[in-house]
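Take a look at the structure below.
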Amino acid sequence: MSERNLDFDTVIDRRNTKSLKYDFAVKRGKPADILPLWVADMDFRTSSYIEDALKSAAEHGIFGYTETDDTYFEAVKGWMKSQYDWDVTNERHVIKTPGIVFALAATVNCYSEKGDPVLICSPVYYPFSEVITDNGRRIVSSNLVETEDGSYRIDYEDFEKKIEENDIGLFLLCNPHNPGSKGWTREELEKIGDICLRHNVTVISDEIHADFEWERKHTVFASLSPEISDITVTCTSPTKTFNIAGLQISNIIITDNKLRYRFRKQVDAFGFSQANAAGIYACEAAYTHGQEWLKALKEYIYDNIKFTKSYIEKNLENVRAFKTEATYLIWLDFRGTGLSDEEIDRKIIHEAGLWLDSGSIFGESGKGFQRINAACPRSILQEALERLVKAFKSA
């Protein structure tokens with residue numbers, strides 16, 4: 001058997017499939033005919049191996065409680081080793097959850113108390129802030145610093161100062177970083193690790209975009225040293241990589257016994273036990289047979305990213321695309337237009353007819369930006385960029 005789903009140019013109609021991306025525009029206050037490039041899922045068919053695994057399960061016709069076995073762990077273990085050179089040696093270290101946001105909420109609950117401060121680096125994936133405030137904790141941000149070449153860096157002095165001044169015990173790390181498409185280097189992660197070790201800070205590392213590092217192989221934060229591993233909860237999932245977010249499966253990897261015990265108790269308290277059967281089948285198939293599909297997908301998306309940056313540079317002098325070191329989400333800087341966030345949103349939604357993610361949802365430092373999803377057929381991406389240029393050509 002060989003991989004069949006390597007055609008990424010064909011446009012697949014996703015409307016009327018209960019797609020969050022395509023079918024809920026009106027319910028979310030957008031025009032019905034808007035072109036969506038917002039939420040981080042892809043407009044491509046997943047690996048045919050995943051399709052076959054799900055078809056086989058459907059043909060069996062019984063969908064009872066399902067648990068993972070040795071083959072599942074070997075698939076997860078093999079992927080972590082082959083893709084990131086990270087050794088996951090113990091099956092007990094892997095705890096399944098129905099998604100990483102669920103896991104983030106669980107970590108906030110089990111590693112902090114009501115009213116406690118939790119550290120983030122804004123602008124950052126907006127559920128980070130939501131799980132902190134929704135659970136009665138307080139956000140503290142060490143904002144990322146823009147670099148001259150259109151990227152971000154951490155202000156380590158401010159990062160440590162925020163920890164000291166607020167008695168921080170928990171830090172939510174986005175690795176790679178979303179938005180801003182920043183792929184952290186090993187040296188950058190080591191500096192974060194040293195500071196967190198020095199101040200006894202537990203690190204929750206969201207690594208869902210790990211398979212989309214463009215400039216270097218992804219560095220798992222917990223892989224830096226045994227000491228750093230012992231303060232880290234690593235959140236992984238095949239869902240972004242293989243476009244299976246609706247199957248709700250994540251693998252949370254914790255080597256430290258005390259951290260793992262507390263996390264498992266919190267997951268139990270939330271009432272979650274067995275994972276979604278379809279998610280289990282899909283994850284095992286993806287991590288066992290998905291390499292060919294992913295290699296072709298990444299080549300296609302990387303070309304889309306280069307196409308987007310070139311198109312913006314040639315046609316919109318007041319808009320800048322940040323460096324895309326990781327993820328398939330491009331961070332567009334509209335501050336050069338001189339328009340307010342409200343004016344930018346209005347032009348994008350009502351003049352361009354596009355649904356992007358407004359930068360303001362990622363924090364105060366995201367204002368003036370928009371996030372666009374490049375994981376779609378080139379024809380859709382080109383149409384979106386043409387619309388964008390038409391709306392902003394005179395801005």
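Within each chain, counting starts at residue 1; across the structure tokens, chains are named A, B, ... in the order shown, with ligands numbered 1 upward in that order.
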Secondary structure check, alpha helix (DSSP H) residues of range 106-284 of chain A, as number ranges by chain: A: 106-111, 127-134, 156-166, 186-198, 226-229, 239-242, 257-269, 277-284
Which of range 38-286 of chain A DSSP labels strand (DSSP E or B), written as JSON, numbers by chain: {"A": [94, 95, 96, 97, 117, 118, 119, 120, 138, 139, 140, 141, 145, 146, 152, 153, 170, 171, 172, 173, 174, 177, 182, 202, 203, 204, 205, 206, 213, 232, 233, 234, 235, 236, 250, 251, 252, 253]}
List the neighbours of Thr185 in chain A out to 10 Å using only C-alpha atoms; skip same-chain residues closer than 5 positions along the sequence, and give me the result as a tab-separated table (two decimals) with N, CA and C atoms, in the first residue's frame.
```tsv
chain	number	residue	atom	x	y	z
A	175	ASN	N	5.94	26.51	21.96
A	175	ASN	CA	7.17	26.07	21.32
A	175	ASN	C	6.86	25.06	20.21
A	176	PRO	N	6.84	25.52	18.91
A	176	PRO	CA	7.12	26.85	18.38
A	176	PRO	C	6.05	27.87	18.79
A	190	GLU	N	17.34	26.93	26.23
A	190	GLU	CA	18.21	26.67	27.38
A	190	GLU	C	18.22	27.85	28.34
A	215	GLU	N	13.30	26.17	9.65
A	215	GLU	CA	14.71	26.53	9.58
A	215	GLU	C	15.63	25.54	10.29
A	216	ARG	N	15.07	24.70	11.16
A	216	ARG	CA	15.88	23.75	11.91
A	216	ARG	C	14.98	22.66	12.45
A	217	LYS	N	15.56	21.57	12.92
A	217	LYS	CA	14.77	20.53	13.56
A	217	LYS	C	14.26	21.04	14.89
A	218	HIS	N	13.03	20.71	15.20
A	218	HIS	CA	12.41	21.16	16.44
A	218	HIS	C	13.16	20.63	17.66
A	219	THR	N	13.33	21.48	18.65
A	219	THR	CA	13.90	21.08	19.92
A	219	THR	C	12.80	20.97	20.97
```
Using only C-alpha atoms, which residues of range 18-114 of chain A come within 8 Å of range 243-257 of chain A, and what is the closest atom pair for each, with the distance in Å to one decimal? Give it as JSON lines, sorted by chain and residue number.
```
{"residue": "A:Asp41", "atom": "CA", "partner": "A:Asn243", "partner_atom": "CA", "distance": 6.0}
{"residue": "A:Met42", "atom": "CA", "partner": "A:Asn243", "partner_atom": "CA", "distance": 5.9}
{"residue": "A:Phe44", "atom": "CA", "partner": "A:Asn243", "partner_atom": "CA", "distance": 7.5}
{"residue": "A:Arg45", "atom": "CA", "partner": "A:Asn243", "partner_atom": "CA", "distance": 7.6}
{"residue": "A:Thr46", "atom": "CA", "partner": "A:Asn243", "partner_atom": "CA", "distance": 5.9}
{"residue": "A:His93", "atom": "CA", "partner": "A:Ile254", "partner_atom": "CA", "distance": 5.2}
{"residue": "A:Val94", "atom": "CA", "partner": "A:Ile253", "partner_atom": "CA", "distance": 4.6}
{"residue": "A:Ile95", "atom": "CA", "partner": "A:Ile252", "partner_atom": "CA", "distance": 5.0}
{"residue": "A:Lys96", "atom": "CA", "partner": "A:Asn251", "partner_atom": "CA", "distance": 4.7}
{"residue": "A:Thr97", "atom": "CA", "partner": "A:Ser250", "partner_atom": "CA", "distance": 5.2}
{"residue": "A:Pro98", "atom": "CA", "partner": "A:Gln248", "partner_atom": "CA", "distance": 4.6}
{"residue": "A:Gly99", "atom": "CA", "partner": "A:Ser250", "partner_atom": "CA", "distance": 5.1}
{"residue": "A:Ile100", "atom": "CA", "partner": "A:Ser250", "partner_atom": "CA", "distance": 6.2}
{"residue": "A:Ala103", "atom": "CA", "partner": "A:Ile252", "partner_atom": "CA", "distance": 7.6}
```
Mind checking which residues fall within 12 Å of Phe73 in chain A, counting only C-alpha atoms, ignoring those fewer than 3 positions away in the same chain, and posting them as a ChimeraX atom specification? /A:67-70,76-80,88-96,251,253,280,283-285,287-288
Residue nearest Phe369 in chain A among A:Ala391, A:Leu170, A:Ile349, A:Leu332 (counting only C-alpha atoms):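 Closest candidate: A:Leu332.
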